[in-house]
file input13.pdb (PDB, N, CA and C atoms and all ligand atoms)
ATOM      1  N   MET A  16      30.269   3.279 -29.379
ATOM      2  CA  MET A  16      30.025   3.047 -27.937
ATOM      3  C   MET A  16      31.068   3.820 -27.123
ATOM      4  N   LEU A  17      30.950   5.097 -27.088
ATOM      5  CA  LEU A  17      31.896   5.906 -26.347
ATOM      6  C   LEU A  17      31.461   6.085 -24.899
ATOM      7  N   TYR A  18      30.186   6.100 -24.707
ATOM      8  CA  TYR A  18      29.689   6.388 -23.355
ATOM      9  C   TYR A  18      28.743   5.269 -22.903
ATOM     10  N   ASN A  19      28.731   5.031 -21.618
ATOM     11  CA  ASN A  19      27.705   4.157 -21.072
ATOM     12  C   ASN A  19      26.410   4.948 -20.953
ATOM     13  N   LEU A  20      25.392   4.434 -21.548
ATOM     14  CA  LEU A  20      24.113   5.123 -21.416
ATOM     15  C   LEU A  20      23.574   4.908 -20.005
ATOM     16  N   PRO A  21      23.076   5.957 -19.416
ATOM     17  CA  PRO A  21      22.498   5.794 -18.079
ATOM     18  C   PRO A  21      21.230   4.952 -18.134
ATOM     19  N   GLU A  22      20.976   4.250 -17.064
ATOM     20  CA  GLU A  22      19.740   3.487 -16.967
ATOM     21  C   GLU A  22      18.558   4.433 -17.071
ATOM     22  N   PRO A  23      17.452   3.962 -17.604
ATOM     23  CA  PRO A  23      16.250   4.800 -17.575
ATOM     24  C   PRO A  23      15.946   5.216 -16.138
ATOM     25  N   SER A  24      15.539   6.431 -15.968
ATOM     26  CA  SER A  24      15.523   7.022 -14.638
ATOM     27  C   SER A  24      14.728   6.186 -13.639
ATOM     28  N   VAL A  25      15.455   5.581 -12.737
ATOM     29  CA  VAL A  25      14.855   4.859 -11.628
ATOM     30  C   VAL A  25      15.105   5.682 -10.371
ATOM     31  N   ASP A  26      14.087   5.766  -9.545
ATOM     32  CA  ASP A  26      14.197   6.626  -8.373
ATOM     33  C   ASP A  26      15.028   5.930  -7.306
ATOM     34  N   ASN A  27      16.326   5.981  -7.459
ATOM     35  CA  ASN A  27      17.190   5.228  -6.567
ATOM     36  C   ASN A  27      17.109   5.701  -5.127
ATOM     37  N   LYS A  28      17.112   6.997  -4.942
ATOM     38  CA  LYS A  28      17.229   7.502  -3.588
ATOM     39  C   LYS A  28      15.995   7.182  -2.750
ATOM     40  N   SER A  29      14.870   6.956  -3.400
ATOM     41  CA  SER A  29      13.661   6.666  -2.642
ATOM     42  C   SER A  29      13.405   5.173  -2.547
ATOM     43  N   ASN A  30      14.392   4.393  -2.932
ATOM     44  CA  ASN A  30      14.198   2.945  -2.989
ATOM     45  C   ASN A  30      14.674   2.241  -1.731
ATOM     46  N   LYS A  31      14.988   2.981  -0.703
ATOM     47  CA  LYS A  31      15.480   2.368   0.509
ATOM     48  C   LYS A  31      14.325   2.019   1.441
ATOM     49  N   GLY A  32      14.532   0.997   2.256
ATOM     50  CA  GLY A  32      13.539   0.675   3.264
ATOM     51  C   GLY A  32      12.478  -0.298   2.796
ATOM     52  N   GLY A  33      12.466  -0.649   1.532
ATOM     53  CA  GLY A  33      11.549  -1.668   1.064
ATOM     54  C   GLY A  33      10.140  -1.186   0.820
ATOM     55  N   CYS A  34       9.836   0.033   1.193
ATOM     56  CA  CYS A  34       8.505   0.574   0.964
ATOM     57  C   CYS A  34       8.618   1.766   0.028
ATOM     58  N   PRO A  35       8.569   1.543  -1.248
ATOM     59  CA  PRO A  35       8.710   2.670  -2.166
ATOM     60  C   PRO A  35       7.562   3.653  -1.980
ATOM     61  N   PRO A  36       7.836   4.921  -2.155
ATOM     62  CA  PRO A  36       6.773   5.908  -2.004
ATOM     63  C   PRO A  36       5.740   5.734  -3.094
ATOM     64  N   SER A  37       4.608   6.266  -2.869
ATOM     65  CA  SER A  37       3.556   6.118  -3.854
ATOM     66  C   SER A  37       2.703   7.357  -3.846
ATOM     67  N   ASP A  38       1.607   7.282  -4.547
ATOM     68  CA  ASP A  38       0.737   8.440  -4.643
ATOM     69  C   ASP A  38      -0.417   8.368  -3.644
ATOM     70  N   ILE A  39      -0.231   7.585  -2.597
ATOM     71  CA  ILE A  39      -1.315   7.479  -1.618
ATOM     72  C   ILE A  39      -1.600   8.799  -0.939
ATOM     73  N   TRP A  40      -0.617   9.673  -0.962
ATOM     74  CA  TRP A  40      -0.839  10.967  -0.302
ATOM     75  C   TRP A  40      -1.609  11.917  -1.190
ATOM     76  N   ASP A  41      -1.855  11.498  -2.413
ATOM     77  CA  ASP A  41      -2.575  12.354  -3.342
ATOM     78  C   ASP A  41      -4.076  12.148  -3.162
ATOM     79  N   GLY A  42      -4.568  12.488  -1.981
ATOM     80  CA  GLY A  42      -6.004  12.448  -1.740
ATOM     81  C   GLY A  42      -6.492  11.202  -1.044
ATOM     82  N   HIS A  43      -5.667  10.141  -0.980
ATOM     83  CA  HIS A  43      -6.127   8.899  -0.367
ATOM     84  C   HIS A  43      -5.837   8.866   1.125
ATOM     85  N   MET A  44      -4.656   9.324   1.471
ATOM     86  CA  MET A  44      -4.231   9.287   2.867
ATOM     87  C   MET A  44      -3.845  10.692   3.309
ATOM     88  N   ILE A  45      -4.138  10.971   4.542
ATOM     89  CA  ILE A  45      -3.785  12.269   5.100
ATOM     90  C   ILE A  45      -2.598  12.083   6.027
ATOM     91  N   GLN A  46      -1.524  12.757   5.707
ATOM     92  CA  GLN A  46      -0.348  12.640   6.566
ATOM     93  C   GLN A  46      -0.560  13.466   7.817
ATOM     94  N   GLY A  47      -0.328  12.834   8.951
ATOM     95  CA  GLY A  47      -0.583  13.484  10.225
ATOM     96  C   GLY A  47       0.664  14.064  10.842
ATOM     97  N   ALA A  48       0.589  14.217  12.141
ATOM     98  CA  ALA A  48       1.671  14.869  12.858
ATOM     99  C   ALA A  48       2.883  13.956  12.964
ATOM    100  N   LYS A  49       4.017  14.552  13.135
ATOM    101  CA  LYS A  49       5.240  13.792  13.321
ATOM    102  C   LYS A  49       5.190  13.114  14.688
ATOM    103  N   GLN A  50       5.395  11.801  14.707
ATOM    104  CA  GLN A  50       5.327  11.039  15.946
ATOM    105  C   GLN A  50       6.688  10.916  16.604
ATOM    106  N   SER A  51       7.679  10.616  15.806
ATOM    107  CA  SER A  51       9.038  10.451  16.310
ATOM    108  C   SER A  51       9.977  10.680  15.148
ATOM    109  N   LYS A  52      11.226  10.383  15.364
ATOM    110  CA  LYS A  52      12.224  10.645  14.352
ATOM    111  C   LYS A  52      11.866   9.992  13.018
ATOM    112  N   GLY A  53      11.478  10.793  12.082
ATOM    113  CA  GLY A  53      11.196  10.280  10.750
ATOM    114  C   GLY A  53       9.881   9.547  10.608
ATOM    115  N   HIS A  54       9.089   9.518  11.660
ATOM    116  CA  HIS A  54       7.828   8.799  11.604
ATOM    117  C   HIS A  54       6.657   9.765  11.721
ATOM    118  N   TYR A  55       5.712   9.594  10.819
ATOM    119  CA  TYR A  55       4.526  10.418  10.835
ATOM    120  C   TYR A  55       3.306   9.526  10.944
ATOM    121  N   SER A  56       2.263  10.069  11.498
ATOM    122  CA  SER A  56       1.010   9.330  11.521
ATOM    123  C   SER A  56       0.291   9.528  10.191
ATOM    124  N   ALA A  57      -0.724   8.708   9.982
ATOM    125  CA  ALA A  57      -1.483   8.814   8.749
ATOM    126  C   ALA A  57      -2.936   8.469   9.036
ATOM    127  N   THR A  58      -3.819   9.086   8.286
ATOM    128  CA  THR A  58      -5.241   8.803   8.412
ATOM    129  C   THR A  58      -5.808   8.526   7.028
ATOM    130  N   CYS A  59      -6.598   7.469   6.935
ATOM    131  CA  CYS A  59      -7.264   7.175   5.670
ATOM    132  C   CYS A  59      -8.324   8.238   5.432
ATOM    133  N   SER A  60      -8.285   8.847   4.270
ATOM    134  CA  SER A  60      -9.226   9.932   3.999
ATOM    135  C   SER A  60     -10.615   9.395   3.677
ATOM    136  N   TYR A  61     -10.749   8.093   3.541
ATOM    137  CA  TYR A  61     -12.063   7.520   3.238
ATOM    138  C   TYR A  61     -12.764   7.024   4.502
ATOM    139  N   CYS A  62     -12.078   6.196   5.282
ATOM    140  CA  CYS A  62     -12.725   5.582   6.441
ATOM    141  C   CYS A  62     -12.164   6.105   7.762
ATOM    142  N   GLN A  63     -11.244   7.041   7.688
ATOM    143  CA  GLN A  63     -10.666   7.685   8.872
ATOM    144  C   GLN A  63      -9.880   6.714   9.740
ATOM    145  N   ASN A  64      -9.490   5.574   9.180
ATOM    146  CA  ASN A  64      -8.615   4.669   9.918
ATOM    147  C   ASN A  64      -7.296   5.384  10.195
ATOM    148  N   PHE A  65      -6.765   5.183  11.374
ATOM    149  CA  PHE A  65      -5.582   5.927  11.807
ATOM    150  C   PHE A  65      -4.415   4.995  12.044
ATOM    151  N   TRP A  66      -3.263   5.408  11.557
ATOM    152  CA  TRP A  66      -2.022   4.671  11.817
ATOM    153  C   TRP A  66      -1.061   5.593  12.541
ATOM    154  N   LYS A  67      -0.475   5.067  13.589
ATOM    155  CA  LYS A  67       0.467   5.875  14.342
ATOM    156  C   LYS A  67       1.746   6.095  13.543
ATOM    157  N   GLN A  68       2.137   5.070  12.788
ATOM    158  CA  GLN A  68       3.301   5.204  11.920
ATOM    159  C   GLN A  68       2.879   4.904  10.500
ATOM    160  N   ARG A  69       3.069   5.860   9.634
ATOM    161  CA  ARG A  69       2.669   5.637   8.245
ATOM    162  C   ARG A  69       3.716   4.786   7.549
ATOM    163  N   LYS A  70       3.279   3.734   6.951
ATOM    164  CA  LYS A  70       4.151   2.916   6.113
ATOM    165  C   LYS A  70       3.398   2.696   4.816
ATOM    166  N   PRO A  71       3.908   3.258   3.722
ATOM    167  CA  PRO A  71       3.169   3.228   2.464
ATOM    168  C   PRO A  71       2.688   1.848   2.078
ATOM    169  N   CYS A  72       3.490   0.807   2.356
ATOM    170  CA  CYS A  72       3.062  -0.529   1.931
ATOM    171  C   CYS A  72       1.849  -0.972   2.747
ATOM    172  N   ILE A  73       1.802  -0.606   4.021
ATOM    173  CA  ILE A  73       0.650  -0.951   4.851
ATOM    174  C   ILE A  73      -0.568  -0.164   4.402
ATOM    175  N   LEU A  74      -0.364   1.108   4.119
ATOM    176  CA  LEU A  74      -1.480   1.949   3.730
ATOM    177  C   LEU A  74      -2.039   1.517   2.378
ATOM    178  N   ARG A  75      -1.142   1.129   1.481
ATOM    179  CA  ARG A  75      -1.617   0.646   0.178
ATOM    180  C   ARG A  75      -2.415  -0.635   0.355
ATOM    181  N   GLU A  76      -1.952  -1.489   1.237
ATOM    182  CA  GLU A  76      -2.681  -2.740   1.448
ATOM    183  C   GLU A  76      -4.052  -2.455   2.050
ATOM    184  N   HIS A  77      -4.106  -1.452   2.898
ATOM    185  CA  HIS A  77      -5.399  -1.064   3.465
ATOM    186  C   HIS A  77      -6.356  -0.663   2.353
ATOM    187  N   LEU A  78      -5.892   0.200   1.462
ATOM    188  CA  LEU A  78      -6.755   0.661   0.378
ATOM    189  C   LEU A  78      -7.151  -0.498  -0.525
ATOM    190  N   ALA A  79      -6.217  -1.407  -0.738
ATOM    191  CA  ALA A  79      -6.471  -2.501  -1.663
ATOM    192  C   ALA A  79      -7.436  -3.538  -1.079
ATOM    193  N   ASN A  80      -7.251  -3.860   0.207
ATOM    194  CA  ASN A  80      -7.943  -5.025   0.760
ATOM    195  C   ASN A  80      -8.912  -4.714   1.892
ATOM    196  N   HIS A  81      -8.650  -3.675   2.637
ATOM    197  CA  HIS A  81      -9.365  -3.512   3.895
ATOM    198  C   HIS A  81     -10.297  -2.321   3.941
ATOM    199  N   CYS A  82     -10.018  -1.298   3.144
ATOM    200  CA  CYS A  82     -10.825  -0.088   3.269
ATOM    201  C   CYS A  82     -12.230  -0.338   2.741
ATOM    202  N   GLN A  83     -13.215  -0.001   3.561
ATOM    203  CA  GLN A  83     -14.610  -0.225   3.181
ATOM    204  C   GLN A  83     -15.206   0.995   2.482
ATOM    205  N   LYS A  84     -14.516   2.104   2.531
ATOM    206  CA  LYS A  84     -15.123   3.345   2.067
ATOM    207  C   LYS A  84     -14.566   3.849   0.741
ATOM    208  N   CYS A  85     -13.389   3.386   0.374
ATOM    209  CA  CYS A  85     -12.803   3.937  -0.848
ATOM    210  C   CYS A  85     -13.505   3.339  -2.061
ATOM    211  N   SER A  86     -13.384   4.009  -3.189
ATOM    212  CA  SER A  86     -14.043   3.548  -4.397
ATOM    213  C   SER A  86     -13.413   2.251  -4.885
ATOM    214  N   SER A  87     -14.183   1.473  -5.634
ATOM    215  CA  SER A  87     -13.640   0.219  -6.144
ATOM    216  C   SER A  87     -12.494   0.486  -7.106
ATOM    217  N   GLU A  88     -12.545   1.624  -7.792
ATOM    218  CA  GLU A  88     -11.429   1.986  -8.664
ATOM    219  C   GLU A  88     -10.142   2.118  -7.861
ATOM    220  N   THR A  89     -10.254   2.808  -6.737
ATOM    221  CA  THR A  89      -9.079   2.993  -5.891
ATOM    222  C   THR A  89      -8.596   1.658  -5.361
ATOM    223  N   ALA A  90      -9.529   0.833  -4.895
ATOM    224  CA  ALA A  90      -9.146  -0.462  -4.342
ATOM    225  C   ALA A  90      -8.452  -1.318  -5.388
ATOM    226  N   MET A  91      -8.993  -1.307  -6.598
ATOM    227  CA  MET A  91      -8.394  -2.129  -7.648
ATOM    228  C   MET A  91      -7.023  -1.607  -8.036
ATOM    229  N   TYR A  92      -6.916  -0.285  -8.062
ATOM    230  CA  TYR A  92      -5.637   0.322  -8.422
ATOM    231  C   TYR A  92      -4.552  -0.122  -7.449
ATOM    232  N   TYR A  93      -4.857  -0.074  -6.175
ATOM    233  CA  TYR A  93      -3.849  -0.444  -5.189
ATOM    234  C   TYR A  93      -3.729  -1.955  -5.050
ATOM    235  N   ALA A  94      -4.777  -2.670  -5.341
ATOM    236  CA  ALA A  94      -4.673  -4.127  -5.335
ATOM    237  C   ALA A  94      -3.639  -4.588  -6.352
ATOM    238  N   LYS A  95      -3.608  -3.911  -7.495
ATOM    239  CA  LYS A  95      -2.608  -4.265  -8.505
ATOM    240  C   LYS A  95      -1.209  -4.005  -7.974
ATOM    241  N   ILE A  96      -1.026  -2.851  -7.337
ATOM    242  CA  ILE A  96       0.304  -2.505  -6.823
ATOM    243  C   ILE A  96       0.700  -3.468  -5.721
ATOM    244  N   VAL A  97      -0.203  -3.711  -4.788
ATOM    245  CA  VAL A  97       0.102  -4.619  -3.685
ATOM    246  C   VAL A  97       0.342  -6.020  -4.219
ATOM    247  N   GLY A  98      -0.448  -6.435  -5.194
ATOM    248  CA  GLY A  98      -0.286  -7.762  -5.770
ATOM    249  C   GLY A  98       1.065  -7.920  -6.420
ATOM    250  N   LYS A  99       1.523  -6.864  -7.095
ATOM    251  CA  LYS A  99       2.834  -6.921  -7.721
ATOM    252  C   LYS A  99       3.913  -7.079  -6.663
ATOM    253  N   ASN A 100       3.769  -6.352  -5.567
ATOM    254  CA  ASN A 100       4.810  -6.358  -4.550
ATOM    255  C   ASN A 100       4.849  -7.679  -3.794
ATOM    256  N   LEU A 101       3.697  -8.223  -3.465
ATOM    257  CA  LEU A 101       3.665  -9.412  -2.630
ATOM    258  C   LEU A 101       3.732 -10.685  -3.446
ATOM    259  N   GLY A 102       3.399 -10.593  -4.712
ATOM    260  CA  GLY A 102       3.259 -11.805  -5.493
ATOM    261  C   GLY A 102       1.813 -12.263  -5.438
ATOM    262  N   GLU A 103       1.298 -12.711  -6.563
ATOM    263  CA  GLU A 103      -0.118 -13.003  -6.619
ATOM    264  C   GLU A 103      -0.508 -14.163  -5.715
ATOM    265  N   ALA A 104       0.421 -15.098  -5.505
ATOM    266  CA  ALA A 104       0.106 -16.254  -4.678
ATOM    267  C   ALA A 104      -0.299 -15.811  -3.275
ATOM    268  N   GLU A 105       0.419 -14.850  -2.750
ATOM    269  CA  GLU A 105       0.125 -14.420  -1.389
ATOM    270  C   GLU A 105      -1.230 -13.733  -1.317
ATOM    271  N   VAL A 106      -1.526 -12.939  -2.337
ATOM    272  CA  VAL A 106      -2.821 -12.265  -2.374
ATOM    273  C   VAL A 106      -3.938 -13.300  -2.440
ATOM    274  N   ASN A 107      -3.731 -14.315  -3.284
ATOM    275  CA  ASN A 107      -4.756 -15.336  -3.424
ATOM    276  C   ASN A 107      -4.963 -16.106  -2.127
ATOM    277  N   SER A 108      -3.875 -16.404  -1.430
ATOM    278  CA  SER A 108      -4.015 -17.172  -0.203
ATOM    279  C   SER A 108      -4.773 -16.361   0.838
ATOM    280  N   LYS A 109      -4.627 -15.047   0.803
ATOM    281  CA  LYS A 109      -5.389 -14.219   1.733
ATOM    282  C   LYS A 109      -6.877 -14.325   1.437
ATOM    283  N   GLU A 110      -7.211 -14.287   0.161
ATOM    284  CA  GLU A 110      -8.624 -14.390  -0.210
ATOM    285  C   GLU A 110      -9.182 -15.737   0.235
ATOM    286  N   ASP A 111      -8.335 -16.764   0.118
ATOM    287  CA  ASP A 111      -8.776 -18.084   0.553
ATOM    288  C   ASP A 111      -9.067 -18.090   2.051
ATOM    289  N   GLU A 112      -8.213 -17.436   2.801
ATOM    290  CA  GLU A 112      -8.446 -17.381   4.241
ATOM    291  C   GLU A 112      -9.790 -16.760   4.557
ATOM    292  N   ASP A 113     -10.071 -15.679   3.843
ATOM    293  CA  ASP A 113     -11.325 -14.991   4.106
ATOM    294  C   ASP A 113     -12.527 -15.875   3.815
ATOM    295  N   SER A 114     -12.484 -16.581   2.681
ATOM    296  CA  SER A 114     -13.652 -17.366   2.296
ATOM    297  C   SER A 114     -13.739 -18.651   3.110
ATOM    298  N   GLU A 115     -12.647 -19.018   3.765
ATOM    299  CA  GLU A 115     -12.685 -20.218   4.565
ATOM    300  C   GLU A 115     -13.690 -20.104   5.709
ATOM    301  N   ASP A 116     -13.818 -18.921   6.235
ATOM    302  CA  ASP A 116     -14.761 -18.724   7.327
ATOM    303  C   ASP A 116     -16.169 -19.123   6.925
ATOM    304  N   GLU A 117     -16.502 -18.805   5.670
ATOM    305  CA  GLU A 117     -17.855 -19.120   5.237
ATOM    306  C   GLU A 117     -18.052 -20.618   5.048
ATOM    307  N   TRP A 118     -16.967 -21.307   4.774
ATOM    308  CA  TRP A 118     -17.101 -22.722   4.461
ATOM    309  C   TRP A 118     -17.087 -23.583   5.722
ATOM    310  N   THR A 119     -16.438 -23.118   6.755
ATOM    311  CA  THR A 119     -16.433 -23.927   7.962
ATOM    312  C   THR A 119     -17.813 -23.886   8.600
ATOM    313  N   SER A 120     -18.402 -25.039   8.799
ATOM    314  CA  SER A 120     -19.758 -25.097   9.338
ATOM    315  C   SER A 120     -19.726 -25.727  10.716
ATOM    316  N   GLN A 121     -19.169 -24.991  11.630
ATOM    317  CA  GLN A 121     -19.124 -25.519  12.987
ATOM    318  C   GLN A 121     -19.818 -24.579  13.943
TER     319      GLN A 121
HETATM  320 ZN    ZN B   1      -9.718   3.365   4.620
END
call {"tool": "encode", "arguments": {"input": "input13.pdb", "output": "structure tokens"}}
result
Amino acid sequence: MLYNLPEPSVDNKSNKGGCPPSDIWDGHMIQGAKQSKGHYSATCSYCQNFWKQRKPCILREHLANHCQKCSSETAMYYAKIVGKNLGEAEVNSKEDEDSEDEWTSQ
């Protein structure tokens, strides 16, 4: 044990801000014009939904839960990522909220 082995490569420098980068820009989202210091707009390449400030965690959640146009493969892929980040309980409670509308008979 002469040397400390380095940790398996974790992308430390991109781990700031709580929203780790992802592959959403690889065909899923279109990065738009720079809005302000460090902020860019984004457009969903499937449903053309527009965000003034791109935040990968928001965009991933869109693909996972809200996008009506992306493939189910894409939605499931990001649902897994979003579910990991938020915790499954939170994802489940969201689904419950949605189905509650159908159950209320008023
Ligand atoms: Zn979309």
call {"tool": "resolve_selection", "arguments": {"input": "input13.pdb", "expression": "the PyMOL selection byres (((chain A and resi 38-51) around 8) and not hetatm)", "output": "PyMOL selection string"}}
result
chain A and resi 35-37+52-62+67-69+71+74-75
call {"tool": "closest_residue", "arguments": {"input": "input13.pdb", "among": "A:Lys95, A:Lys70, A:His81, A:Asn19", "to": "ligand ZN 1 (chain B)", "atoms": "only N, CA and C atoms and all ligand atoms"}}
result
A:His81
call {"tool": "resolve_selection", "arguments": {"input": "input13.pdb", "expression": "the PyMOL selection byres (((chain A and resi 76 and name CA) around 12) and not hetatm and name CA)", "output": "short mmCIF file (atom, residue, chain, number, x, y, z; two decimals) with N, CA and C atoms, in the frame of the given file"}}
result
data_model
loop_
_atom_site.label_atom_id
_atom_site.label_comp_id
_atom_site.auth_asym_id
_atom_site.auth_seq_id
_atom_site.Cartn_x
_atom_site.Cartn_y
_atom_site.Cartn_z
N CYS A 34 9.84 0.03 1.19
CA CYS A 34 8.51 0.57 0.96
C CYS A 34 8.62 1.77 0.03
N ILE A 39 -0.23 7.58 -2.60
CA ILE A 39 -1.32 7.48 -1.62
C ILE A 39 -1.60 8.80 -0.94
N CYS A 59 -6.60 7.47 6.94
CA CYS A 59 -7.26 7.18 5.67
C CYS A 59 -8.32 8.24 5.43
N LYS A 70 3.28 3.73 6.95
CA LYS A 70 4.15 2.92 6.11
C LYS A 70 3.40 2.70 4.82
N PRO A 71 3.91 3.26 3.72
CA PRO A 71 3.17 3.23 2.46
C PRO A 71 2.69 1.85 2.08
N CYS A 72 3.49 0.81 2.36
CA CYS A 72 3.06 -0.53 1.93
C CYS A 72 1.85 -0.97 2.75
N ILE A 73 1.80 -0.61 4.02
CA ILE A 73 0.65 -0.95 4.85
C ILE A 73 -0.57 -0.16 4.40
N LEU A 74 -0.36 1.11 4.12
CA LEU A 74 -1.48 1.95 3.73
C LEU A 74 -2.04 1.52 2.38
N ARG A 75 -1.14 1.13 1.48
CA ARG A 75 -1.62 0.65 0.18
C ARG A 75 -2.42 -0.64 0.36
N HIS A 77 -4.11 -1.45 2.90
CA HIS A 77 -5.40 -1.06 3.46
C HIS A 77 -6.36 -0.66 2.35
N LEU A 78 -5.89 0.20 1.46
CA LEU A 78 -6.76 0.66 0.38
C LEU A 78 -7.15 -0.50 -0.52
N ALA A 79 -6.22 -1.41 -0.74
CA ALA A 79 -6.47 -2.50 -1.66
C ALA A 79 -7.44 -3.54 -1.08
N ASN A 80 -7.25 -3.86 0.21
CA ASN A 80 -7.94 -5.03 0.76
C ASN A 80 -8.91 -4.71 1.89
N HIS A 81 -8.65 -3.68 2.64
CA HIS A 81 -9.36 -3.51 3.90
C HIS A 81 -10.30 -2.32 3.94
N CYS A 82 -10.02 -1.30 3.14
CA CYS A 82 -10.82 -0.09 3.27
C CYS A 82 -12.23 -0.34 2.74
N THR A 89 -10.25 2.81 -6.74
CA THR A 89 -9.08 2.99 -5.89
C THR A 89 -8.60 1.66 -5.36
N ALA A 90 -9.53 0.83 -4.89
CA ALA A 90 -9.15 -0.46 -4.34
C ALA A 90 -8.45 -1.32 -5.39
N MET A 91 -8.99 -1.31 -6.60
CA MET A 91 -8.39 -2.13 -7.65
C MET A 91 -7.02 -1.61 -8.04
N TYR A 92 -6.92 -0.28 -8.06
CA TYR A 92 -5.64 0.32 -8.42
C TYR A 92 -4.55 -0.12 -7.45
N TYR A 93 -4.86 -0.07 -6.18
CA TYR A 93 -3.85 -0.44 -5.19
C TYR A 93 -3.73 -1.96 -5.05
N ALA A 94 -4.78 -2.67 -5.34
CA ALA A 94 -4.67 -4.13 -5.34
C ALA A 94 -3.64 -4.59 -6.35
N LYS A 95 -3.61 -3.91 -7.50
CA LYS A 95 -2.61 -4.26 -8.51
C LYS A 95 -1.21 -4.00 -7.97
N ILE A 96 -1.03 -2.85 -7.34
CA ILE A 96 0.30 -2.50 -6.82
C ILE A 96 0.70 -3.47 -5.72
N VAL A 97 -0.20 -3.71 -4.79
CA VAL A 97 0.10 -4.62 -3.68
C VAL A 97 0.34 -6.02 -4.22
N GLY A 98 -0.45 -6.44 -5.19
CA GLY A 98 -0.29 -7.76 -5.77
C GLY A 98 1.06 -7.92 -6.42
N LYS A 99 1.52 -6.86 -7.10
CA LYS A 99 2.83 -6.92 -7.72
C LYS A 99 3.91 -7.08 -6.66
N ASN A 100 3.77 -6.35 -5.57
CA ASN A 100 4.81 -6.36 -4.55
C ASN A 100 4.85 -7.68 -3.79
N LEU A 101 3.70 -8.22 -3.46
CA LEU A 101 3.66 -9.41 -2.63
C LEU A 101 3.73 -10.68 -3.45
N VAL A 106 -1.53 -12.94 -2.34
CA VAL A 106 -2.82 -12.26 -2.37
C VAL A 106 -3.94 -13.30 -2.44
N LYS A 109 -4.63 -15.05 0.80
CA LYS A 109 -5.39 -14.22 1.73
C LYS A 109 -6.88 -14.32 1.44
#
call {"tool": "axis_aligned_box", "arguments": {"input": "input13.pdb", "around": "segment 36-53 of chain A", "padding_each_side": "6 Å", "output": "AutoDock Vina command-line options"}}
result
--center_x 2.9 --center_y 9.9 --center_z 6.0 --size_x 30.7 --size_y 21.9 --size_z 33.2
call {"tool": "atom_distance", "arguments": {"input": "input13.pdb", "atom1": "atom C of Cys85 of chain A", "atom2": "atom ZN of ligand ZN 1 (chain B)"}}
result
7.7 Å
call {"tool": "atom_distance", "arguments": {"input": "input13.pdb", "atom1": "atom N of Glu88 of chain A", "atom2": "atom C of Phe65 of chain A"}}
result
21.7 Å
call {"tool": "atom_distance", "arguments": {"input": "input13.pdb", "atom1": "atom CA of Trp66 of chain A", "atom2": "atom CA of Ser86 of chain A"}}
result
20.2 Å
call {"tool": "select_by_dssp", "arguments": {"input": "input13.pdb", "residues": "segment 48-89 of chain A", "states": "strand (DSSP E)", "output": "JSON, numbers by chain"}}
result
{"A": [48, 49, 50, 51, 54, 55, 56, 57, 58, 59, 65, 66]}
